[in-house]
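Student: One file: model_29.txt (compact mmCIF, C-alpha atoms).
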# COMPACT_ATOMS: atom_id res chain seq x y z
CA MET B 26 188.75 -4.15 -64.37
CA ALA B 27 190.65 -6.78 -62.44
CA LEU B 28 193.84 -4.77 -62.69
CA PHE B 29 192.52 -2.09 -60.36
CA PHE B 30 191.98 -4.34 -57.34
CA ASN B 31 194.83 -4.24 -54.90
CA LYS B 32 195.87 -7.28 -52.91
CA GLN B 33 193.90 -6.38 -49.79
CA SER B 34 190.51 -6.03 -51.45
CA TYR B 35 190.57 -9.56 -52.82
CA LYS B 36 189.92 -10.76 -49.31
CA ASN B 37 186.60 -8.92 -49.28
CA LEU B 38 185.28 -10.24 -52.55
CA ALA B 39 182.50 -12.81 -52.61
CA LEU B 40 183.48 -16.36 -53.46
CA GLU B 41 181.67 -16.27 -56.82
CA ASP B 42 183.62 -13.19 -57.85
CA ILE B 43 186.94 -14.74 -56.89
CA VAL B 44 186.01 -17.81 -58.92
CA VAL B 45 185.17 -15.76 -62.00
CA LEU B 46 188.43 -13.82 -61.72
CA ALA B 47 190.41 -17.00 -61.22
CA GLN B 48 188.78 -18.50 -64.28
CA SER B 49 190.13 -15.59 -66.32
CA ASP B 50 193.65 -16.42 -65.13
CA ASP B 51 193.91 -13.65 -62.55
CA ILE B 52 196.82 -14.94 -60.47
CA GLN B 53 195.89 -13.01 -57.35
CA ALA B 54 192.40 -14.48 -57.51
CA ILE B 55 193.75 -18.00 -57.85
CA ASP B 56 196.02 -17.32 -54.91
CA GLU B 57 193.10 -16.04 -52.84
CA LEU B 58 190.97 -19.03 -53.81
CA ILE B 59 193.62 -21.46 -52.67
CA LYS B 60 194.02 -19.59 -49.40
CA ARG B 61 190.29 -19.73 -48.76
CA GLU B 62 189.67 -23.36 -49.54
CA GLN B 63 192.78 -25.19 -48.38
CA LYS B 64 191.74 -25.49 -44.75
CA ASN B 65 188.25 -26.69 -45.68
CA ILE B 66 189.70 -29.41 -47.89
CA TYR B 67 192.05 -30.44 -45.11
CA ALA B 68 189.19 -30.61 -42.61
CA ALA B 69 186.98 -32.67 -44.91
CA LEU B 70 189.76 -35.23 -45.36
CA TYR B 71 190.43 -35.15 -41.63
CA TYR B 72 186.90 -36.32 -40.85
CA LEU B 73 186.64 -38.78 -43.71
CA ASP B 74 189.80 -40.80 -43.36
CA LYS B 75 191.49 -41.85 -40.17
CA ASP B 76 194.76 -42.65 -41.94
CA ARG B 77 196.31 -39.24 -41.99
CA GLU B 78 199.86 -39.80 -43.18
CA ASP B 79 199.01 -38.48 -46.64
CA ILE B 80 196.55 -35.80 -45.65
CA PHE B 81 198.85 -32.91 -46.56
CA ASP B 82 199.73 -34.42 -49.93
CA ASN B 83 196.09 -35.18 -50.61
CA THR B 84 195.10 -31.62 -49.77
CA GLN B 85 197.67 -30.29 -52.23
CA GLU B 86 196.56 -32.67 -54.92
CA ILE B 87 192.93 -31.65 -54.56
CA LEU B 88 193.90 -27.96 -54.61
CA PHE B 89 195.86 -28.54 -57.79
CA ARG B 90 192.92 -30.28 -59.43
CA MET B 91 190.63 -27.49 -58.35
CA CYS B 92 192.81 -24.88 -60.05
CA LYS B 93 193.52 -26.94 -63.13
CA ASN B 94 189.86 -27.65 -63.85
CA LEU B 95 188.40 -24.37 -62.67
CA LYS B 96 187.41 -23.25 -66.17
CA LYS B 97 185.08 -26.21 -66.49
CA ILE B 98 182.53 -24.66 -64.14
CA ARG B 99 179.89 -22.73 -66.03
CA ASN B 100 178.03 -21.37 -63.04
CA PRO B 101 180.38 -19.87 -60.43
CA LYS B 102 177.68 -20.22 -57.79
CA ALA B 103 178.07 -23.97 -58.06
CA PHE B 104 181.70 -23.74 -57.03
CA LYS B 105 181.36 -25.13 -53.49
CA SER B 106 179.29 -28.03 -54.72
CA TRP B 107 181.80 -28.72 -57.50
CA LEU B 108 184.78 -28.57 -55.19
CA ASN B 109 183.16 -31.08 -52.86
CA GLN B 110 182.61 -33.41 -55.80
CA ILE B 111 186.35 -33.28 -56.43
CA ILE B 112 187.04 -34.02 -52.76
CA MET B 113 184.62 -36.94 -52.73
CA HIS B 114 185.95 -38.45 -55.96
CA TYR B 115 189.45 -38.19 -54.63
CA TYR B 116 188.37 -39.78 -51.36
CA TYR B 117 186.65 -42.67 -53.19
CA ASP B 118 189.80 -43.23 -55.25
CA VAL B 119 191.94 -43.33 -52.13
CA MET B 120 189.54 -45.77 -50.47
CA ARG B 121 189.44 -48.01 -53.52
CA LYS B 122 193.22 -48.21 -53.60
CA LYS B 123 193.28 -49.02 -49.92
CA ASN B 124 190.74 -51.80 -50.41
CA LYS B 125 193.18 -53.54 -52.70
CA THR B 126 195.92 -53.73 -50.06
CA PRO B 127 195.27 -56.50 -47.49
CA GLN B 128 196.07 -54.54 -44.35
CA MET B 129 193.24 -52.10 -44.93
CA ILE B 130 190.38 -54.58 -44.48
CA SER B 131 188.87 -52.32 -41.83
CA VAL B 132 187.47 -50.00 -44.52
CA GLU B 133 185.04 -52.71 -45.66
CA LYS B 134 183.59 -52.90 -42.17
CA TYR B 135 182.19 -49.41 -42.53
CA SER B 136 180.79 -49.73 -46.03
CA ASN B 137 177.43 -51.13 -44.95
CA ASP B 138 174.96 -48.33 -44.34
CA ASN B 139 173.46 -49.88 -41.24
CA GLU B 140 176.57 -51.16 -39.62
CA ILE B 141 178.37 -49.20 -36.97
CA TYR B 142 181.75 -50.09 -35.66
CA ASN B 143 182.07 -49.70 -31.92
CA PRO B 144 182.36 -45.95 -31.35
CA TYR B 145 182.95 -46.40 -27.66
CA GLU B 146 186.34 -47.98 -28.27
CA ALA B 147 187.90 -44.55 -28.62
CA LEU B 148 186.35 -43.43 -25.33
CA PHE B 149 187.74 -46.22 -23.21
CA THR B 150 191.30 -45.91 -24.45
CA ASP B 151 191.38 -42.18 -23.72
CA LYS B 152 190.01 -42.26 -20.21
CA LYS B 153 193.49 -42.75 -18.76
CA LYS B 154 194.31 -39.07 -19.30
CA LYS B 155 194.24 -36.54 -16.47
CA PRO B 156 190.89 -34.82 -15.95
CA ASP B 157 191.86 -31.13 -16.10
CA GLU B 158 189.73 -28.90 -18.29
CA THR B 159 191.94 -28.32 -21.32
CA SER B 160 192.62 -31.99 -21.76
CA LEU B 161 188.92 -32.71 -21.25
CA LEU B 162 188.12 -30.38 -24.14
CA LYS B 163 190.82 -32.00 -26.24
CA GLU B 164 189.37 -35.37 -25.35
CA LEU B 165 185.92 -34.24 -26.39
CA ASP B 166 187.35 -33.11 -29.73
CA LYS B 167 188.90 -36.50 -30.18
CA VAL B 168 185.73 -38.30 -29.11
CA ILE B 169 183.61 -36.40 -31.60
CA THR B 170 186.01 -36.68 -34.51
CA ASN B 171 186.42 -40.39 -33.80
CA ALA B 172 182.66 -40.81 -33.62
CA ILE B 173 182.33 -39.14 -37.01
CA LEU B 174 185.12 -41.28 -38.46
CA HIS B 175 183.33 -44.41 -37.32
CA LEU B 176 179.90 -43.56 -38.68
CA PRO B 177 178.59 -45.77 -41.47
CA GLU B 178 180.06 -44.49 -44.73
CA GLN B 179 177.06 -42.66 -46.15
CA LEU B 180 176.13 -41.04 -42.85
CA LYS B 181 179.70 -39.86 -42.42
CA ILE B 182 179.78 -38.29 -45.86
CA ALA B 183 176.42 -36.57 -45.33
CA THR B 184 177.63 -35.20 -41.99
CA VAL B 185 180.86 -33.82 -43.41
CA LEU B 186 179.11 -32.18 -46.35
CA ARG B 187 176.36 -30.67 -44.20
CA GLU B 188 177.99 -29.71 -40.90
CA PHE B 189 181.46 -28.72 -42.08
CA GLN B 190 181.19 -27.95 -45.77
CA GLY B 191 177.86 -26.15 -45.39
CA LEU B 192 176.20 -27.60 -48.46
CA SER B 193 172.42 -27.54 -48.82
CA TYR B 194 170.47 -30.81 -48.93
CA GLU B 195 170.05 -30.45 -52.68
CA GLU B 196 173.78 -29.89 -53.21
CA ILE B 197 174.57 -32.91 -51.05
CA ALA B 198 172.10 -34.97 -53.09
CA ASN B 199 173.95 -33.92 -56.25
CA VAL B 200 177.39 -34.65 -54.88
CA THR B 201 176.42 -38.07 -53.54
CA ASN B 202 174.08 -39.05 -56.41
CA SER B 203 171.12 -39.63 -54.14
CA ASN B 204 167.76 -37.95 -53.62
CA ILE B 205 166.85 -35.30 -51.07
CA GLY B 206 164.75 -37.69 -48.96
CA THR B 207 167.72 -39.99 -48.50
CA VAL B 208 169.95 -37.05 -47.61
CA LYS B 209 167.39 -35.82 -45.08
CA SER B 210 167.19 -39.18 -43.36
CA ARG B 211 170.96 -39.71 -43.38
CA ILE B 212 171.64 -36.36 -41.76
CA ALA B 213 168.97 -36.97 -39.11
CA ARG B 214 170.27 -40.47 -38.35
CA ALA B 215 173.88 -39.30 -38.22
CA ARG B 216 173.00 -36.53 -35.78
CA SER B 217 171.06 -38.86 -33.52
CA LYS B 218 173.87 -41.44 -33.54
CA LEU B 219 176.49 -38.82 -32.73
CA GLN B 220 174.36 -37.39 -29.94
CA GLU B 221 173.98 -40.89 -28.54
CA VAL B 222 177.75 -41.32 -28.43
CA LEU B 223 178.13 -37.97 -26.74
CA ASN B 224 175.51 -38.80 -24.12
CA GLU B 225 177.25 -42.06 -23.33
CA TYR B 226 180.50 -40.19 -22.90
CA ILE B 227 179.09 -37.50 -20.63
CA LYS B 228 177.64 -40.10 -18.26
CA MET E 107 118.50 -72.94 -15.88
CA HIS E 108 118.23 -73.79 -19.47
CA ILE E 109 118.04 -70.13 -20.43
CA ASN E 110 121.14 -69.27 -18.32
CA LEU E 111 123.21 -71.87 -20.14
CA ILE E 112 122.19 -70.35 -23.45
CA CYS E 113 122.95 -66.85 -22.16
CA ALA E 114 126.37 -68.00 -21.05
CA LYS E 115 127.10 -69.44 -24.46
CA VAL E 116 125.83 -66.30 -26.23
CA LYS E 117 127.87 -64.02 -24.00
CA SER E 118 131.02 -65.98 -24.74
CA LEU E 119 130.42 -65.60 -28.46
CA LEU E 120 129.40 -61.93 -28.37
CA LYS E 121 132.85 -60.46 -29.03
CA ASP E 122 133.38 -62.58 -32.10
CA TYR E 123 129.84 -61.84 -33.18
CA ILE E 124 130.46 -58.09 -33.03
CA GLN E 125 133.77 -58.42 -34.89
CA GLY E 126 132.08 -60.62 -37.47
CA SER E 127 134.35 -63.62 -36.98
CA ILE E 128 131.76 -66.40 -36.36
CA ASP E 129 129.85 -68.55 -38.82
CA ILE E 130 126.37 -67.78 -40.08
CA LYS E 131 124.67 -70.50 -37.99
CA ASP E 132 125.95 -69.10 -34.68
CA SER E 133 125.25 -65.58 -35.89
CA LEU E 134 121.57 -66.31 -36.54
CA PHE E 135 121.32 -68.12 -33.22
CA ILE E 136 122.71 -65.10 -31.36
CA GLN E 137 120.43 -62.72 -33.29
CA GLU E 138 117.34 -64.65 -32.29
CA HIS E 139 118.45 -64.83 -28.68
CA LEU E 140 119.18 -61.12 -28.44
CA LYS E 141 115.62 -60.39 -29.63
CA ILE E 142 114.13 -62.16 -26.63
CA CYS E 143 116.80 -61.77 -23.91
CA VAL E 144 117.10 -58.31 -22.34
CA ASN E 145 120.14 -59.23 -20.28
CA CYS E 146 122.16 -60.45 -23.20
CA ARG E 147 121.01 -57.54 -25.30
CA HIS E 148 122.31 -55.16 -22.63
CA THR E 149 125.64 -56.99 -22.47
CA TYR E 150 125.82 -56.89 -26.26
CA GLN E 151 125.33 -53.14 -26.43
CA THR E 152 127.92 -52.39 -23.70
CA LEU E 153 130.45 -54.70 -25.29
CA LYS E 154 129.86 -53.15 -28.71
CA ARG E 155 130.47 -49.65 -27.37
CA GLN E 156 133.63 -50.74 -25.53
CA LEU E 157 135.10 -52.48 -28.54
CA SER E 158 134.55 -49.56 -30.87
CA GLU E 159 136.18 -47.21 -28.33
CA ASP E 160 139.17 -49.52 -28.10
CA VAL E 161 139.47 -49.56 -31.84
CA THR E 162 139.34 -45.79 -32.11
CA THR E 163 141.79 -45.16 -29.29
CA LYS E 164 144.17 -47.71 -30.76
CA ALA E 165 143.82 -46.07 -34.15
CA GLU E 166 144.40 -42.66 -32.59
CA GLY E 167 147.43 -44.03 -30.75
CA ILE E 168 148.95 -45.35 -33.95
CA LEU E 169 148.22 -42.09 -35.73
CA GLN E 170 149.83 -40.10 -32.95
CA GLN E 171 152.88 -42.34 -33.07
CA LYS E 172 153.18 -41.87 -36.82
CA GLU E 173 152.83 -38.13 -36.40
CA ASP E 174 155.52 -38.03 -33.73
CA THR E 175 157.94 -40.10 -35.84
CA TYR E 176 157.30 -37.87 -38.85
CA TYR E 177 157.98 -34.72 -36.89
CA MET E 178 161.05 -36.08 -35.16
CA GLN E 179 162.48 -37.16 -38.49
CA ASN E 180 161.86 -33.74 -39.95
CA LEU E 181 163.21 -31.83 -36.97
CA SER E 182 166.67 -31.99 -38.44
CA ALA E 183 165.49 -30.66 -41.78
CA TYR E 184 163.52 -27.94 -40.03
CA TYR E 185 166.64 -26.88 -38.16
CA ASP E 186 168.54 -26.66 -41.45
CA ASN E 187 165.76 -24.58 -43.05
CA GLU E 188 165.22 -27.25 -45.63
CA LEU E 189 161.46 -27.67 -45.22
CA SER E 190 158.97 -26.05 -47.54
CA PHE E 191 157.01 -23.08 -46.26
CA ASP E 192 153.92 -25.18 -45.47
CA GLU E 193 155.92 -27.93 -43.81
CA SER E 194 157.76 -25.49 -41.59
CA VAL E 195 154.50 -23.83 -40.55
CA ARG E 196 153.17 -27.25 -39.51
CA MET E 197 156.41 -27.98 -37.72
CA LYS E 198 156.21 -24.71 -35.79
CA LYS E 199 152.67 -25.56 -34.66
CA TYR E 200 153.81 -29.01 -33.60
CA LEU E 201 156.70 -27.53 -31.65
CA ILE E 202 154.39 -25.13 -29.83
CA LYS E 203 152.19 -27.96 -28.57
CA THR E 204 154.91 -30.58 -27.95
CA PRO E 205 157.48 -29.68 -25.26
CA SER E 206 159.47 -32.87 -25.84
CA ALA E 207 160.04 -31.81 -29.45
CA ARG E 208 161.24 -28.40 -28.30
CA GLU E 209 163.68 -30.19 -26.00
CA GLU E 210 164.98 -32.22 -28.90
CA LEU E 211 165.44 -29.09 -30.98
CA LYS E 212 167.39 -27.43 -28.18
CA LYS E 213 169.60 -30.49 -27.81
CA LEU E 214 170.23 -30.46 -31.55
CA HIS E 215 171.19 -26.82 -31.42
CA ASN E 216 173.64 -27.35 -28.55
CA PHE E 217 175.08 -30.34 -30.30
CA ARG E 218 175.75 -28.30 -33.42
CA ILE E 219 177.45 -25.59 -31.40
CA LEU E 220 179.75 -28.28 -30.03
CA LEU E 221 180.44 -29.57 -33.52
CA GLN E 222 181.44 -26.10 -34.68
CA LYS E 223 183.86 -25.80 -31.75
CA VAL E 224 185.45 -29.08 -32.74
CA HIS E 225 185.63 -27.89 -36.33
CA LYS E 226 187.47 -24.75 -35.28
CA SER E 227 190.14 -26.78 -33.56
CA VAL E 228 190.48 -29.06 -36.60
CA LEU E 229 190.91 -26.01 -38.86
CA LYS E 230 193.66 -24.77 -36.53
CA LYS E 231 195.65 -27.91 -37.31
CA ALA E 232 195.78 -26.77 -40.94
CA ASN E 233 198.56 -24.25 -40.36
CA PHE E 234 200.01 -24.40 -43.83
CA ASP E 235 199.71 -22.27 -46.96
CA TYR E 236 200.03 -24.03 -50.25
CA SER E 237 199.20 -21.07 -52.48
CA LYS E 238 202.76 -20.54 -53.70
CA THR E 239 203.42 -24.27 -54.19
CA ILE E 240 200.27 -24.78 -56.19
CA LEU E 241 200.84 -21.70 -58.33
CA LYS E 242 204.34 -22.94 -59.16
CA ARG E 243 202.99 -26.34 -60.04
CA LEU E 244 200.29 -24.81 -62.22
CA ASP E 245 202.89 -22.78 -64.05
CA LYS E 246 204.98 -25.82 -64.87
CA SER E 247 202.04 -27.79 -66.10
CA THR E 248 200.62 -25.18 -68.50
CA VAL E 249 200.46 -26.48 -72.03
CA PRO E 250 201.78 -23.94 -74.62
CA GLU E 251 199.11 -21.53 -75.76
CA GLN E 252 196.83 -22.90 -78.37
CA PHE E 253 197.38 -21.49 -81.81
CA THR E 254 195.42 -18.39 -82.61
CA LEU E 255 192.86 -18.35 -85.37
CA ILE E 256 195.15 -16.36 -87.67
CA GLN E 257 197.92 -18.87 -87.21
CA LYS E 258 195.52 -21.71 -87.98
CA PHE E 259 194.29 -19.87 -91.07
CA ALA E 260 197.82 -19.24 -92.28
CA ALA E 261 198.70 -22.90 -91.76
CA VAL E 262 195.73 -23.97 -93.89
CA ILE E 263 196.68 -21.58 -96.71
CA LEU E 264 200.25 -22.87 -96.66
CA LEU E 265 199.09 -26.44 -96.84
CA ILE E 266 196.86 -25.65 -99.79
CA LEU E 267 199.72 -23.91 -101.56
CA PHE E 268 202.00 -26.81 -100.87
CA PHE E 269 199.61 -29.34 -102.33
CA THR E 270 198.91 -27.16 -105.35
CA VAL E 271 202.63 -26.91 -106.03
CA CYS E 272 203.03 -30.64 -105.68
CA LEU E 273 200.11 -31.24 -107.99
CA CYS E 274 201.43 -28.85 -110.62
CA GLY E 275 204.84 -30.35 -110.40
CA ALA E 276 203.43 -33.80 -110.73
CA LEU E 277 201.34 -32.80 -113.70
CA TYR E 278 204.26 -31.02 -115.34
CA PHE E 279 206.59 -33.91 -115.00
CA SER E 280 203.93 -36.36 -115.88
CA LYS E 281 203.10 -34.24 -118.95
CA GLN E 282 206.72 -34.47 -119.93
CA GLY E 283 206.63 -38.15 -119.19
CA VAL E 284 203.48 -38.63 -121.26
CA LEU E 285 205.04 -36.79 -124.20
CA LYS E 286 208.18 -38.87 -123.95
CA ILE E 287 206.21 -42.08 -123.89
CA ALA E 288 204.01 -40.93 -126.79
CA HIS E 289 207.18 -40.02 -128.70
CA LYS E 290 208.70 -43.43 -128.02
CA ILE E 291 205.54 -45.20 -129.14
CA SER E 292 205.34 -43.33 -132.45
CA HIS E 293 209.05 -43.97 -132.91
CA LEU E 294 208.50 -47.65 -132.40
CA HIS E 295 205.51 -47.53 -134.70
CA ARG E 296 207.56 -46.00 -137.50
CA HIS E 297 210.33 -48.43 -136.79
CA LEU E 298 208.00 -51.38 -137.13
CA ASN E 299 206.51 -50.01 -140.27
Show me this structure written as structure tokens.
Tutor:
Amino acid sequence: MALFFNKQSYKNLALEDIVVLAQSDDIQAIDELIKREQKNIYAALYYLDKDREDIFDNTQEILFRMCKNLKKIRNPKAFKSWLNQIIMHYYYDVMRKKNKTPQMISVEKYSNDNEIYNPYEALFTDKKKKPDETSLLKELDKVITNAILHLPEQLKIATVLREFQGLSYEEIANVTNSNIGTVKSRIARARSKLQEVLNEYIK
Amino acid sequence: MHINLICAKVKSLLKDYIQGSIDIKDSLFIQEHLKICVNCRHTYQTLKRQLSEDVTTKAEGILQQKEDTYYMQNLSAYYDNELSFDESVRMKKYLIKTPSAREELKKLHNFRILLQKVHKSVLKKANFDYSKTILKRLDKSTVPEQFTLIQKFAAVILLILFFTVCLCGALYFSKQGVLKIAHKISHLHRHLN
């Protein structure tokens, strides 16, 4: 059945179908899967970790793991959730390694759920730029991504998984090993904190 | 004069009396006085009404606060369609009667639109395509195909054959060996005798 799909129609298939095809070693399906998910993986890492020298390598590594372990998923509908587990495990590993090296002490500052590093720091350093519209928009991008980067660890993770990876509360609870109530409150708190930062900036 | 002093004392104790925070002696004293003194009785009744109103409005205030906090906390979940059917019905009713909550919901919506704009520009930075690289890497890392069932079966048969041959050989040679030894023993026996 897979043999009759031409290259174009793979783009129109639902994610679950691509996953099933890829699991049966259909090379075009694996190719399509990589093409669909690589930017999402990149974006997740972009918001999670401010050290971006290795972001391209990390993206590739996660993609490789995704393909290598694809057959382990029993329910193709759980693919997105499963992929995000891979991303989070990889991210935790990276953070753990960084914790061992002395120059990365800053990571520990953000590990407390209730602590927030000064998010306004990013705002003041960028104000020197010229106020024309395109650079204002770029600044806003930077302000928001910085604000997300500086959220307390758990709030940041909940935000990334909800706002950018589109997972449901239950899926987020599974990925982060917490319960739905906690996820609910983290998402609400993260949104209110981010809105606060934005309001300060607009003033 | 004497009565006014008593009235003054009673009036000062009335609040505690109503709230039940005075001792039994004073309580009985006040009770007796209220029976005979119209003025104090009047004050007592007004004060009692006032205090119970205060209590109920305070209780209502606290309840309202709790309600507001609950709804504000669940606004986010409501926006994400994560509330149960009943909860979202209650939330809709709350939104209809509370303009400030509607404001908050609008702000949340606008904020999310902004987030999605930012996300688009972040995705633009990912102008790479690793599909070929990853496929190559996958190819290199593939372990040779696992043996088919037939191959496994054949291997087992061969092993069995091998062991049977070894066993036969061992028995054969050992049979020879046993005969030789038996021969030698009988030879010795005859020799001794």
Student: Compile a residue-level contact table for chain E against chain B at a cut-off of 7 Å, reporting for every qualifying residue the shortest atom pair and its distance in Å to one decimal, with only C-alpha atoms counted, rows ordered by chain and ascending number, as JSON lines.
Tutor:
{"residue": "E:Gln179", "atom": "CA", "partner": "B:Ala213", "partner_atom": "CA", "distance": 6.5}
{"residue": "E:Ser182", "atom": "CA", "partner": "B:Ala213", "partner_atom": "CA", "distance": 5.5}
{"residue": "E:Ala183", "atom": "CA", "partner": "B:Lys209", "partner_atom": "CA", "distance": 6.4}
{"residue": "E:Val224", "atom": "CA", "partner": "B:Asp166", "partner_atom": "CA", "distance": 5.4}
{"residue": "E:Val228", "atom": "CA", "partner": "B:Ala68", "partner_atom": "CA", "distance": 6.3}
{"residue": "E:Leu229", "atom": "CA", "partner": "B:Lys64", "partner_atom": "CA", "distance": 6.0}
{"residue": "E:Ala232", "atom": "CA", "partner": "B:Lys64", "partner_atom": "CA", "distance": 5.7}
{"residue": "E:Asp235", "atom": "CA", "partner": "B:Lys60", "partner_atom": "CA", "distance": 6.7}
{"residue": "E:Tyr236", "atom": "CA", "partner": "B:Gln85", "partner_atom": "CA", "distance": 7.0}
{"residue": "E:Ser237", "atom": "CA", "partner": "B:Asp56", "partner_atom": "CA", "distance": 5.5}
{"residue": "E:Ile240", "atom": "CA", "partner": "B:Phe89", "partner_atom": "CA", "distance": 6.0}
Student: Would you compute the distance between atom CA of Lys212 of chain E and atom CA of Leu181 of chain E? Give it in Å to one decimal.
Tutor: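 Atom-to-atom, atom CA of Lys212 of chain E to atom CA of Leu181 of chain E, that is 10.7 Å.
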Student: Which value, in Å to one decimal, gives the distance between atom CA of His175 of chain B and atom CA of Lys122 of chain B?
Tutor: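 Computing the Euclidean distance for atom CA of His175 of chain B and atom CA of Lys122 of chain B yields 19.4 Å.
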Student: Between atom CA of Thr201 of chain B and atom CA of Asp74 of chain B, what distance in Å does the model show, to one decimal?
Tutor: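 Spanning atom CA of Thr201 of chain B to atom CA of Asp74 of chain B is a straight-line distance of 17.0 Å.
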Student: Using all atoms listed in the file, which of B:Leu176, B:Val185, B:Ala103, B:Ala198 sits nearest Gln222 of chain E?
Tutor: B:Val185
Student: With the input short on atoms, add N, CA and C atoms back to segment 46-57 of chain B and write it as a PDB file, in the frame of the given file.
Tutor:
ATOM      1  N   LEU B  46     187.118 -14.405 -61.454  1.00  0.00           N
ATOM      2  CA  LEU B  46     188.430 -13.820 -61.720  1.00  0.00           C
ATOM      3  C   LEU B  46     189.480 -14.893 -61.937  1.00  0.00           C
ATOM      4  N   ALA B  47     189.432 -15.917 -61.098  1.00  0.00           N
ATOM      5  CA  ALA B  47     190.410 -17.000 -61.220  1.00  0.00           C
ATOM      6  C   ALA B  47     190.254 -17.717 -62.550  1.00  0.00           C
ATOM      7  N   GLN B  48     188.998 -17.829 -63.005  1.00  0.00           N
ATOM      8  CA  GLN B  48     188.780 -18.500 -64.280  1.00  0.00           C
ATOM      9  C   GLN B  48     189.382 -17.726 -65.440  1.00  0.00           C
ATOM     10  N   SER B  49     189.501 -16.380 -65.258  1.00  0.00           N
ATOM     11  CA  SER B  49     190.130 -15.590 -66.320  1.00  0.00           C
ATOM     12  C   SER B  49     191.613 -15.391 -66.035  1.00  0.00           C
ATOM     13  N   ASP B  50     192.208 -16.382 -65.346  1.00  0.00           N
ATOM     14  CA  ASP B  50     193.650 -16.420 -65.130  1.00  0.00           C
ATOM     15  C   ASP B  50     194.217 -15.276 -64.305  1.00  0.00           C
ATOM     16  N   ASP B  51     193.405 -14.687 -63.448  1.00  0.00           N
ATOM     17  CA  ASP B  51     193.910 -13.650 -62.550  1.00  0.00           C
ATOM     18  C   ASP B  51     194.667 -14.335 -61.411  1.00  0.00           C
ATOM     19  N   ILE B  52     195.989 -14.183 -61.403  1.00  0.00           N
ATOM     20  CA  ILE B  52     196.820 -14.940 -60.470  1.00  0.00           C
ATOM     21  C   ILE B  52     196.502 -14.632 -59.010  1.00  0.00           C
ATOM     22  N   GLN B  53     196.225 -13.370 -58.731  1.00  0.00           N
ATOM     23  CA  GLN B  53     195.890 -13.010 -57.350  1.00  0.00           C
ATOM     24  C   GLN B  53     194.612 -13.701 -56.905  1.00  0.00           C
ATOM     25  N   ALA B  54     193.674 -13.828 -57.848  1.00  0.00           N
ATOM     26  CA  ALA B  54     192.400 -14.480 -57.510  1.00  0.00           C
ATOM     27  C   ALA B  54     192.618 -15.959 -57.244  1.00  0.00           C
ATOM     28  N   ILE B  55     193.467 -16.585 -58.064  1.00  0.00           N
ATOM     29  CA  ILE B  55     193.750 -18.000 -57.850  1.00  0.00           C
ATOM     30  C   ILE B  55     194.413 -18.187 -56.492  1.00  0.00           C
ATOM     31  N   ASP B  56     195.331 -17.277 -56.190  1.00  0.00           N
ATOM     32  CA  ASP B  56     196.020 -17.320 -54.910  1.00  0.00           C
ATOM     33  C   ASP B  56     195.015 -17.213 -53.759  1.00  0.00           C
ATOM     34  N   GLU B  57     194.105 -16.241 -53.883  1.00  0.00           N
ATOM     35  CA  GLU B  57     193.100 -16.040 -52.840  1.00  0.00           C
ATOM     36  C   GLU B  57     192.200 -17.264 -52.706  1.00  0.00           C
TER      37      GLU B  57
END
